[in-house]
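Asker: I'm passing along start_0.cif; it holds mmCIF, C-alpha atoms.
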```
data_target
loop_
_atom_site.label_atom_id
_atom_site.label_comp_id
_atom_site.auth_asym_id
_atom_site.auth_seq_id
_atom_site.Cartn_x
_atom_site.Cartn_y
_atom_site.Cartn_z
CA MET A 1 21.26 -22.58 71.50
CA PHE A 2 21.97 -23.70 67.95
CA ILE A 3 19.79 -23.35 64.83
CA ASP A 4 20.47 -25.40 61.71
CA GLY A 5 20.35 -23.70 58.32
CA ILE A 6 22.28 -22.59 55.23
CA TYR A 7 25.07 -20.00 55.15
CA LEU A 8 26.06 -17.82 52.16
CA ASP A 9 29.16 -15.66 52.30
CA GLY A 10 27.79 -12.84 50.08
CA LYS A 11 30.64 -13.19 47.61
CA THR A 12 29.81 -16.46 45.86
CA SER A 13 26.65 -18.46 45.24
CA LYS A 14 27.99 -21.47 47.13
CA ARG A 15 25.77 -22.69 49.97
CA HIS A 16 27.19 -24.11 53.20
CA VAL A 17 25.40 -26.27 55.73
CA ALA A 18 25.79 -24.39 59.01
CA ARG A 19 24.57 -23.88 62.56
CA LEU A 20 23.75 -20.49 64.04
CA GLU A 21 24.86 -20.03 67.65
CA VAL A 22 22.72 -17.84 69.90
CA ASN A 23 23.61 -16.89 73.48
CA SER A 24 21.33 -16.73 76.47
CA ASP A 25 20.29 -13.18 75.60
CA HIS A 26 18.97 -14.40 72.22
CA LYS A 27 21.76 -12.60 70.41
CA ILE A 28 23.69 -14.12 67.52
CA THR A 29 27.32 -14.78 68.37
CA SER A 30 28.67 -17.02 65.60
CA ILE A 31 28.02 -19.38 62.70
CA HIS A 32 29.57 -22.86 62.59
CA LEU A 33 30.27 -24.22 59.11
CA ALA A 34 29.75 -27.99 59.06
CA THR A 35 31.91 -28.81 56.04
CA GLN A 36 34.89 -26.62 56.88
CA ARG A 37 34.75 -26.96 60.68
CA GLU A 38 35.12 -23.20 60.82
CA VAL A 39 33.53 -20.75 63.26
CA LEU A 40 32.61 -17.26 62.07
CA SER A 41 32.10 -14.60 64.73
CA PHE A 42 29.21 -12.13 64.41
CA GLU A 43 29.16 -10.60 67.89
CA GLN A 44 30.20 -7.17 66.63
CA GLN A 45 27.96 -7.13 63.55
CA HIS A 46 24.48 -5.75 63.09
CA TYR A 47 21.96 -8.07 61.52
CA LYS A 48 18.45 -7.95 60.19
CA VAL A 49 15.91 -10.74 60.41
CA GLU A 50 13.32 -10.90 57.62
CA THR A 51 9.73 -10.77 58.87
CA ARG A 52 7.67 -13.92 58.93
CA LEU A 53 5.44 -15.00 56.04
CA GLY A 54 3.85 -18.39 56.56
CA ASN A 55 6.40 -21.18 56.24
CA THR A 56 8.65 -19.32 53.79
CA PRO A 57 12.33 -19.73 54.78
CA ARG A 58 13.64 -16.63 56.52
CA GLU A 59 16.87 -14.80 55.95
CA ILE A 60 19.16 -13.21 58.51
CA SER A 61 21.34 -10.67 56.73
CA PHE A 62 24.53 -9.18 58.16
CA ASP A 63 26.38 -5.92 57.45
CA ASP A 64 28.76 -7.42 54.89
CA ALA A 65 26.01 -9.13 52.81
CA GLN A 66 26.43 -12.51 54.46
CA LEU A 67 23.21 -14.51 54.88
CA PHE A 68 21.90 -17.27 57.07
CA VAL A 69 18.73 -18.97 55.85
CA CYS A 70 16.55 -21.39 57.79
CA ASP A 71 12.93 -22.43 58.28
CA ASN A 72 12.93 -22.87 62.08
CA HIS A 73 10.57 -19.99 62.70
CA ASP A 74 9.98 -20.63 66.40
CA GLU A 75 13.67 -20.36 67.21
CA ILE A 76 14.09 -17.33 64.95
CA ASP A 77 11.24 -15.60 66.79
CA LYS A 78 13.08 -16.21 70.04
CA ILE A 79 16.17 -14.50 68.59
CA ILE A 80 14.29 -11.31 67.83
CA SER A 81 12.04 -11.35 70.90
CA TRP A 82 14.48 -9.03 72.69
CA GLN A 83 13.67 -6.35 70.11
CA LYS A 84 10.53 -4.57 71.20
CA LYS A 85 9.19 -4.15 67.70
CA TYR A 86 9.34 -7.89 67.09
CA SER A 87 8.02 -10.82 69.10
CA SER A 88 6.57 -14.27 68.56
CA LYS A 89 3.09 -12.72 68.91
CA GLN A 90 3.75 -9.59 66.92
CA ASN A 91 4.16 -10.58 63.30
CA THR A 92 3.83 -8.53 60.16
CA TRP A 93 0.45 -7.53 58.78
CA LEU A 94 1.01 -9.92 55.89
CA TYR A 95 1.58 -12.83 58.25
CA ARG A 96 -1.54 -11.90 60.24
CA LEU A 97 -3.49 -11.64 57.00
CA GLU A 98 -2.35 -15.09 55.95
CA ASN A 99 -3.73 -16.57 59.17
CA ASN A 100 -6.98 -14.61 59.39
CA LEU A 101 -9.88 -16.19 57.48
CA LYS A 102 -12.02 -13.03 57.48
CA LEU A 103 -9.19 -10.90 56.11
CA ILE A 104 -8.44 -13.57 53.51
CA CYS A 105 -12.05 -13.55 52.31
CA LEU A 106 -12.21 -9.74 52.21
CA SER A 107 -8.89 -9.52 50.38
CA THR A 108 -10.01 -12.14 47.85
CA ILE A 109 -13.26 -10.28 47.15
CA ALA A 110 -11.39 -6.97 46.84
CA THR A 111 -8.89 -8.56 44.45
CA VAL A 112 -11.63 -10.02 42.27
CA ILE A 113 -13.44 -6.66 42.11
CA PHE A 114 -10.19 -4.89 41.28
CA LEU A 115 -9.31 -7.36 38.50
CA TYR A 116 -12.83 -7.15 37.08
CA GLY A 117 -12.67 -3.37 36.94
CA LEU A 118 -9.18 -3.51 35.46
CA ILE A 119 -10.17 -5.94 32.69
CA ILE A 120 -13.59 -4.49 31.84
CA TYR A 121 -12.84 -0.79 32.21
CA GLY A 122 -9.18 -0.12 32.91
CA ILE A 123 -7.51 -2.01 30.07
CA PRO A 124 -9.93 -0.87 27.31
CA SER A 125 -9.76 2.76 28.44
CA THR A 126 -5.97 2.71 28.66
CA ALA A 127 -5.65 1.02 25.27
CA ARG A 128 -8.00 3.58 23.70
CA VAL A 129 -5.96 6.50 25.03
CA MET A 130 -2.69 4.91 23.93
CA ALA A 131 -4.01 4.08 20.46
CA HIS A 132 -5.33 7.60 19.81
CA HIS A 133 -2.20 9.33 21.08
CA ALA A 134 0.34 7.09 19.40
CA PRO A 135 2.29 8.63 16.48
CA GLN A 136 0.95 7.88 13.00
CA PHE A 137 3.97 5.76 12.09
CA THR A 138 3.16 3.44 15.02
CA SER A 139 -0.13 2.35 13.45
CA GLN A 140 1.63 1.84 10.15
CA GLN A 141 4.05 -0.60 11.74
CA LEU A 142 1.67 -2.60 13.96
CA ILE A 143 0.83 -5.76 12.01
CA SER A 144 -0.27 -3.64 9.11
CA SER A 145 1.89 -5.10 6.39
CA LEU A 146 -0.26 -6.62 3.69
CA ASP A 147 2.78 -8.58 2.59
CA ILE A 148 2.70 -10.62 5.80
CA LEU A 149 -1.00 -11.42 5.39
CA ASP A 150 -0.47 -12.31 1.75
CA LYS A 151 2.08 -14.90 2.83
CA THR A 152 -0.05 -16.38 5.62
CA VAL A 153 -3.75 -15.80 4.90
CA PHE A 154 -4.61 -14.30 1.53
CA ASP A 155 -4.37 -15.40 -2.07
CA ALA A 156 -4.46 -13.16 -5.11
CA SER A 157 -7.94 -11.93 -5.99
CA GLU A 158 -9.74 -13.81 -8.74
CA LEU A 159 -12.10 -10.92 -9.49
CA SER A 160 -11.84 -9.65 -13.02
CA ALA A 161 -9.76 -6.55 -13.57
CA GLN A 162 -12.88 -4.78 -14.81
CA ARG A 163 -14.83 -5.57 -11.62
CA GLN A 164 -11.97 -4.38 -9.44
CA GLN A 165 -11.74 -1.15 -11.40
CA GLU A 166 -15.49 -0.58 -11.11
CA ILE A 167 -15.43 -0.90 -7.33
CA THR A 168 -12.25 1.18 -7.02
CA ALA A 169 -13.89 3.94 -9.05
CA LEU A 170 -17.05 3.65 -6.94
CA VAL A 171 -15.28 4.18 -3.61
CA ALA A 172 -12.65 6.69 -4.79
CA PRO A 173 -14.76 9.86 -4.26
CA TYR A 174 -15.67 8.74 -0.73
CA LEU A 175 -12.13 7.81 0.26
CA LEU A 176 -11.00 11.32 -0.70
CA SER A 177 -13.03 12.62 2.24
CA TYR A 178 -10.93 10.55 4.65
CA LYS A 179 -7.39 11.49 3.64
CA SER A 180 -6.28 11.67 7.28
CA LEU A 181 -6.91 7.93 7.59
CA GLN A 182 -4.87 7.19 4.45
CA PRO A 183 -7.41 4.59 3.23
CA LYS A 184 -6.67 2.26 0.34
CA LEU A 185 -8.95 -0.50 -0.96
CA VAL A 186 -7.49 -3.84 -2.11
CA PHE A 187 -9.01 -7.19 -3.11
CA ARG A 188 -7.93 -10.63 -1.93
CA ALA A 189 -9.09 -14.25 -2.00
CA GLY A 190 -8.14 -17.13 0.31
CA MET A 191 -10.68 -16.64 3.09
CA ASN A 192 -14.46 -16.48 3.58
CA ALA A 193 -16.60 -13.45 2.84
CA ASN A 194 -15.19 -10.65 4.91
CA ALA A 195 -13.88 -7.12 4.95
CA LEU A 196 -11.21 -5.81 7.29
CA ALA A 197 -9.19 -2.70 7.92
CA LEU A 198 -5.50 -2.72 8.82
CA PRO A 199 -3.99 0.01 11.03
CA ASN A 200 -2.09 1.58 8.14
CA GLY A 201 -5.34 2.35 6.27
CA VAL A 202 -5.52 -0.68 3.97
CA ILE A 203 -9.08 -1.97 3.59
CA VAL A 204 -9.43 -5.53 2.28
CA PHE A 205 -12.52 -6.82 0.45
CA THR A 206 -12.45 -10.58 -0.12
CA ASP A 207 -13.76 -12.03 -3.38
CA ASP A 208 -16.57 -13.92 -1.64
CA PHE A 209 -17.75 -10.73 0.01
CA VAL A 210 -17.81 -8.78 -3.25
CA ASN A 211 -19.66 -11.60 -4.99
CA LEU A 212 -22.42 -11.85 -2.39
CA THR A 213 -23.27 -8.13 -2.40
CA LYS A 214 -26.19 -7.16 -4.58
CA SER A 215 -25.72 -3.42 -4.91
CA ASP A 216 -23.11 -0.69 -4.84
CA ASP A 217 -24.76 0.78 -1.76
CA GLU A 218 -24.02 -2.44 0.16
CA LEU A 219 -20.36 -2.15 -0.76
CA LEU A 220 -20.32 1.46 0.42
CA ALA A 221 -22.08 0.55 3.66
CA VAL A 222 -19.37 -1.97 4.52
CA LEU A 223 -16.68 0.47 3.35
CA PHE A 224 -17.94 3.04 5.86
CA HIS A 225 -18.00 0.34 8.53
CA GLU A 226 -14.30 -0.39 7.92
CA LEU A 227 -13.55 3.34 7.88
CA GLY A 228 -15.15 3.39 11.32
CA HIS A 229 -12.62 0.83 12.51
CA LEU A 230 -9.83 3.01 11.12
CA SER A 231 -11.22 6.19 12.61
CA HIS A 232 -11.51 4.64 16.08
CA LYS A 233 -8.15 2.82 15.71
CA HIS A 234 -9.76 -0.45 16.72
CA MET A 235 -7.03 -2.73 15.42
CA THR A 236 -4.36 -0.82 17.32
CA GLN A 237 -6.51 -0.84 20.45
CA ARG A 238 -7.09 -4.56 20.10
CA MET A 239 -3.37 -5.34 19.87
CA ILE A 240 -2.60 -3.13 22.87
CA GLN A 241 -5.40 -4.80 24.86
CA ASP A 242 -4.15 -8.28 23.97
CA ALA A 243 -0.63 -7.35 25.03
CA MET A 244 -1.84 -5.85 28.32
CA LEU A 245 -4.02 -8.88 29.10
CA THR A 246 -1.16 -11.23 28.37
CA ILE A 247 1.26 -9.27 30.55
CA MET A 248 -1.30 -9.16 33.37
CA VAL A 249 -1.90 -12.93 33.34
CA VAL A 250 1.82 -13.71 33.14
CA PHE A 251 2.46 -11.24 35.98
CA ILE A 252 -0.19 -12.92 38.16
CA THR A 253 0.97 -16.48 37.43
CA GLY A 254 4.65 -15.58 37.35
CA ASP A 255 5.36 -18.38 34.89
CA VAL A 256 6.16 -17.53 31.28
CA GLU A 257 6.39 -21.23 30.39
CA THR A 258 2.62 -21.62 30.89
CA PHE A 259 1.91 -18.69 28.58
CA ASP A 260 0.02 -20.64 25.89
CA LEU A 261 -2.19 -22.55 28.30
CA LEU A 262 -2.99 -19.86 30.85
CA THR A 263 -3.18 -16.78 28.68
CA GLY A 264 -4.66 -18.23 25.52
CA LEU A 265 -8.21 -18.94 26.68
CA PRO A 266 -8.92 -15.86 28.85
CA THR A 267 -7.27 -13.57 26.34
CA LEU A 268 -9.39 -15.05 23.54
CA LEU A 269 -12.67 -14.76 25.46
CA LEU A 270 -12.03 -11.21 26.58
CA ASP A 271 -10.83 -10.21 23.14
CA LEU A 272 -14.08 -11.49 21.60
CA ALA A 273 -16.05 -9.21 23.91
CA TYR A 274 -13.86 -6.28 22.95
CA SER A 275 -14.38 -7.15 19.27
CA ARG A 276 -18.16 -7.04 19.55
CA GLU A 277 -17.89 -3.61 21.17
CA PHE A 278 -15.69 -2.43 18.32
CA GLU A 279 -18.14 -3.75 15.72
CA ILE A 280 -21.05 -1.85 17.28
CA GLU A 281 -18.97 1.33 17.37
CA ALA A 282 -18.03 0.85 13.70
CA ASP A 283 -21.70 0.20 12.85
CA SER A 284 -22.70 3.53 14.37
CA TYR A 285 -19.97 5.26 12.40
CA ALA A 286 -21.17 3.63 9.17
CA LEU A 287 -24.78 4.68 9.76
CA THR A 288 -23.71 8.28 10.33
CA GLN A 289 -21.68 8.32 7.11
CA LEU A 290 -24.46 6.69 5.09
CA SER A 291 -26.85 9.32 6.35
CA ASN A 292 -24.40 12.14 5.56
CA HIS A 293 -24.02 10.87 1.98
CA ASN A 294 -27.78 10.29 1.51
CA ILE A 295 -27.33 6.54 1.03
CA PRO A 296 -30.24 4.38 2.28
CA LEU A 297 -29.54 2.83 5.66
CA GLN A 298 -31.29 -0.30 4.43
CA SER A 299 -28.18 -1.04 2.37
CA PHE A 300 -26.33 -1.75 5.60
CA VAL A 301 -29.05 -4.16 6.74
CA ASP A 302 -29.00 -5.89 3.35
CA ALA A 303 -25.23 -6.33 3.49
CA MET A 304 -25.43 -7.84 6.98
CA ARG A 305 -28.25 -10.20 5.98
CA ASN A 306 -26.28 -11.34 2.95
CA LEU A 307 -23.32 -12.11 5.21
CA GLU A 308 -25.58 -13.96 7.62
CA GLN A 309 -27.04 -16.12 4.84
CA TYR A 310 -23.56 -16.77 3.49
CA TYR A 311 -22.28 -18.08 6.81
CA LEU A 312 -25.42 -20.15 7.36
CA LYS A 313 -24.71 -21.90 4.06
CA GLN A 314 -21.07 -22.33 5.00
CA SER A 315 -22.01 -23.98 8.29
CA ALA A 316 -24.56 -26.40 6.77
CA GLY A 317 -23.29 -29.96 7.09
CA SER A 318 -20.14 -28.89 8.89
CA SER A 319 -19.02 -30.10 12.32
CA GLU A 320 -17.97 -26.55 13.09
CA SER A 321 -20.52 -23.78 12.93
CA ALA A 322 -19.17 -21.00 10.71
CA ILE A 323 -22.11 -18.79 11.62
CA ASN A 324 -21.22 -19.12 15.32
CA ASP A 325 -17.61 -18.28 14.52
CA PHE A 326 -18.72 -15.16 12.68
CA PHE A 327 -21.15 -13.97 15.35
CA SER A 328 -18.71 -14.67 18.17
CA THR A 329 -16.99 -11.42 17.18
CA HIS A 330 -19.86 -9.66 15.36
CA PRO A 331 -23.25 -8.52 16.70
CA LYS A 332 -26.24 -10.48 15.42
CA THR A 333 -28.14 -8.96 12.52
CA GLU A 334 -31.24 -8.36 14.68
CA LYS A 335 -29.17 -6.26 17.06
CA ARG A 336 -27.82 -4.25 14.16
CA ILE A 337 -31.33 -3.66 12.86
CA LYS A 338 -32.34 -2.33 16.28
CA LEU A 339 -29.32 -0.05 16.14
CA ILE A 340 -30.57 1.36 12.84
CA GLU A 341 -34.06 1.86 14.23
CA GLN A 342 -32.64 3.71 17.20
CA PHE A 343 -30.45 5.78 14.88
CA ASN A 344 -33.49 6.76 12.81
CA LYS A 345 -35.43 7.79 15.90
CA GLU A 346 -32.57 9.95 17.15
CA ASN A 347 -32.19 11.65 13.75
CA ASP A 348 -35.86 12.20 12.86
#
```
The structure in this file should be written as structure tokens.

Answerer:
Amino acid sequence: MFIDGIYLDGKTSKRHVARLEVNSDHKITSIHLATQREVLSFEQQHYKVETRLGNTPREISFDDAQLFVCDNHDEIDKIISWQKKYSSKQNTWLYRLENNLKLICLSTIATVIFLYGLIIYGIPSTARVMAHHAPQFTSQQLISSLDILDKTVFDASELSAQRQQEITALVAPYLLSYKSLQPKLVFRAGMNANALALPNGVIVFTDDFVNLTKSDDELLAVLFHELGHLSHKHMTQRMIQDAMLTIMVVFITGDVETFDLLTGLPTLLLDLAYSREFEIEADSYALTQLSNHNIPLQSFVDAMRNLEQYYLKQSAGSSESAINDFFSTHPKTEKRIKLIEQFNKEND
């Protein structure tokens, strides 16, 4: 009996069209090379036949790393039928799984449940642990350079020097209480009303945000909110989560070339959910600090309402809704008000 396939000598990557010769006892005796008209004897060699997996070509490997590859599974099964642990009816568990509809359905459901738990609970929990146990210099290096943002996003602040000094003096006594976070307040223009905290402790107030606030207490409320992000290391967590999600999707698809298409959308959607969770956590931190410093909690509500009105005006007459963009990553004001009401009840 002869089986057609491909032969590799184990020394080079060259492939040879060949025929495998099998005797009446289903044992391999030789390989006939078609191009060289050469016969290689394998009667005295041990060989291993890879187990069956669907229609995937199978390899027969010999002691000296030589290989014979073919996709004639029926004939290959006959070769190994003399071995008791193999037969045409006894295939690997993976092969049986591939041909069993019930097992396929159960495995699919189990995989979906596992991935759901990994994405919703496993990745956030792992990222949180990694972020809080990483050395301090790690946070300082992770996309925390204000120079990079100045080149790509921000412009120099147009606030007057006097106004910047007033706000800096206002927040200075409070920042002293958070030396471990190494906070530093800076002002920038070039983007809509916003405030953000970088992993190295830099807190950015944009000009539009400063201009829309109506009291010092509102500025302090948002300052405490950003300190909450720093305290919980949210930016570091978010970057770790994004990296883990990306690696997971690339690992599942096995194709780095499709990175932008396949990983972009799911990573974005999941990251938005993580962001909302971070915002709520930072809100709770801000309320606690406002209460500790005897600053009215209403100042936080006022600041959020001012931001909401700002983005509503920005979205008016625009094809893209700025307010939807803002609330895609931030809880709605009503939800934040309920958080304050709950906070008051718990602290009465």

Asker: Give me the residues within 10 Å of A:Val171 as a VMD selection string, counting all atoms listed in the file and dropping any in the same chain fewer than 2 places off.

Answerer: chain A and resid 166 to 169 173 to 176 184 to 185 216 219 to 220 223 to 224

Asker: Under the PyMOL selection byres ((chain A and resi 153) around 12), which residues of this model are included? Write them out as a list in words.

Answerer: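 Matching residues under the PyMOL selection byres ((chain A and resi 153) around 12) are Leu146, Asp147, Ile148, Leu149, Asp150, Lys151, Thr152, Phe154, Asp155, Ala156, Arg188, Ala189, Gly190, Met191, Asn192 and Thr206 of chain A.
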
Asker: Nearest to A:Leu115 among A:Ala161, A:Asp64, A:Ile252, A:Lys345, with distances taken over only C-alpha atoms: which residue is it?

Answerer: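 Looking at the shortest contact to A:Leu115, the residue is A:Ile252.
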
Asker: Using all atoms listed in the file, which protein or nucleic acid residues come within 9 Å of A:Lys332? Drop anything in the same chain fewer than 3 positions from it, and give the result as a list in words.

Answerer: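 My list of contacting residues is Met304, Glu308, Phe327, Lys335, Arg336 and Ile337 of chain A.
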
Asker: Just the number, please: distance in Å from atom CA of A:Ala195 to atom CA of A:Ser180, one decimal.

Answerer: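 Distance reported for this atom pair: 20.4 Å.
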
Asker: Kindly extract all protein, DNA and RNA residues lying within 8 Å of the coordinates (15.6, -17.0, 58.0) given in the file, considering all atoms listed in the file, and supply them as a PyMOL selection string.

Answerer: chain A and resi 49-50+57-60+68-73+76

Asker: What is the atom CA of A:Gln165-atom CA of A:Glu226 distance in Å, reported with one decimal?

Answerer: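 Going from atom CA of A:Gln165 over to atom CA of A:Glu226, I get 19.5 Å.
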
Asker: So, with all atoms listed in the file as the atoms that count, which of A:Ile3, A:Leu230, A:Leu290, A:Val301 lies closest to A:Thr333?

Answerer: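 Closest residue, counting all atoms listed in the file: A:Val301.
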
Asker: Mind checking which residues fall within 10 Å of A:Lys233, counting only C-alpha atoms, ignoring those fewer than 4 positions away in the same chain, and posting them as a PyMOL selection string?

Answerer: chain A and resi 128+131-132+139+181+197-201+227-229+237-238+278

Asker: Can you translate the PyMOL selection byres ((chain A and resi 303) around 10) into the concrete residues it hits in this file, as a CSV table (one decimal) with C-alpha atoms, keeping the file's coordinate frame?

Answerer:
```
chain,number,residue,atom,x,y,z
A,209,PHE,CA,-17.8,-10.7,0.0
A,212,LEU,CA,-22.4,-11.8,-2.4
A,213,THR,CA,-23.3,-8.1,-2.4
A,214,LYS,CA,-26.2,-7.2,-4.6
A,215,SER,CA,-25.7,-3.4,-4.9
A,217,ASP,CA,-24.8,0.8,-1.8
A,218,GLU,CA,-24.0,-2.4,0.2
A,219,LEU,CA,-20.4,-2.2,-0.8
A,220,LEU,CA,-20.3,1.5,0.4
A,221,ALA,CA,-22.1,0.6,3.7
A,222,VAL,CA,-19.4,-2.0,4.5
A,298,GLN,CA,-31.3,-0.3,4.4
A,299,SER,CA,-28.2,-1.0,2.4
A,300,PHE,CA,-26.3,-1.8,5.6
A,301,VAL,CA,-29.0,-4.2,6.7
A,302,ASP,CA,-29.0,-5.9,3.4
A,304,MET,CA,-25.4,-7.8,7.0
A,305,ARG,CA,-28.2,-10.2,6.0
A,306,ASN,CA,-26.3,-11.3,3.0
A,307,LEU,CA,-23.3,-12.1,5.2
A,308,GLU,CA,-25.6,-14.0,7.6
A,333,THR,CA,-28.1,-9.0,12.5
```

Asker: I would like the residues chosen by the PyMOL selection byres ((chain A and resi 41) around 7) on the shown file; could you give them as a PyMOL selection string?

Answerer: chain A and resi 29-31+39-40+42-43

Asker: What is the atom CA of A:Ser125-atom CA of A:Ala243 distance in Å, reported with one decimal?

Answerer: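 Computing it gives 14.0 Å between the two atoms.
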
Asker: Neighbouring residues of A:Phe187 were defined as those with any atom within 6 Å, considering only C-alpha atoms; residues of the same chain fewer than 2 positions away were excluded. Please report them as a PyMOL selection string.

Answerer: chain A and resi 157+204-206

Asker: Fewer than 3 positions away in the same chain doesn't count, so skip those; otherwise give me all residues within 12 Å of A:Asn347, counting all atoms listed in the file, as a list in words.

Answerer: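 Here the answer would be Leu287, Thr288, Ser291, Asn292, Ile340, Glu341, Gln342, Phe343 and Asn344 of chain A.
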
Asker: Give the answer as one residue: which of A:Ile28, A:Leu67, A:Val250, A:Ile280 has the shortest atom-to-atom distance to A:Ile6, using only C-alpha atoms?

Answerer: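 That would be A:Leu67, the residue with the smallest distance to A:Ile6.
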
Asker: Smallest atom-to-atom distance to A:Glu281: which of A:Gln314, A:Asn211, A:Ser231, A:Asn194, using all atoms listed in the file?

Answerer: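 Residue with the minimum atom-to-atom distance to A:Glu281: A:Ser231.
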
Asker: Between A:Arg19, A:Arg37, A:Arg163, A:Lys27, which one has atoms that come closest to A:Asp77, using all atoms listed in the file?

Answerer: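 Distance minimum relative to A:Asp77 lands on A:Lys27.
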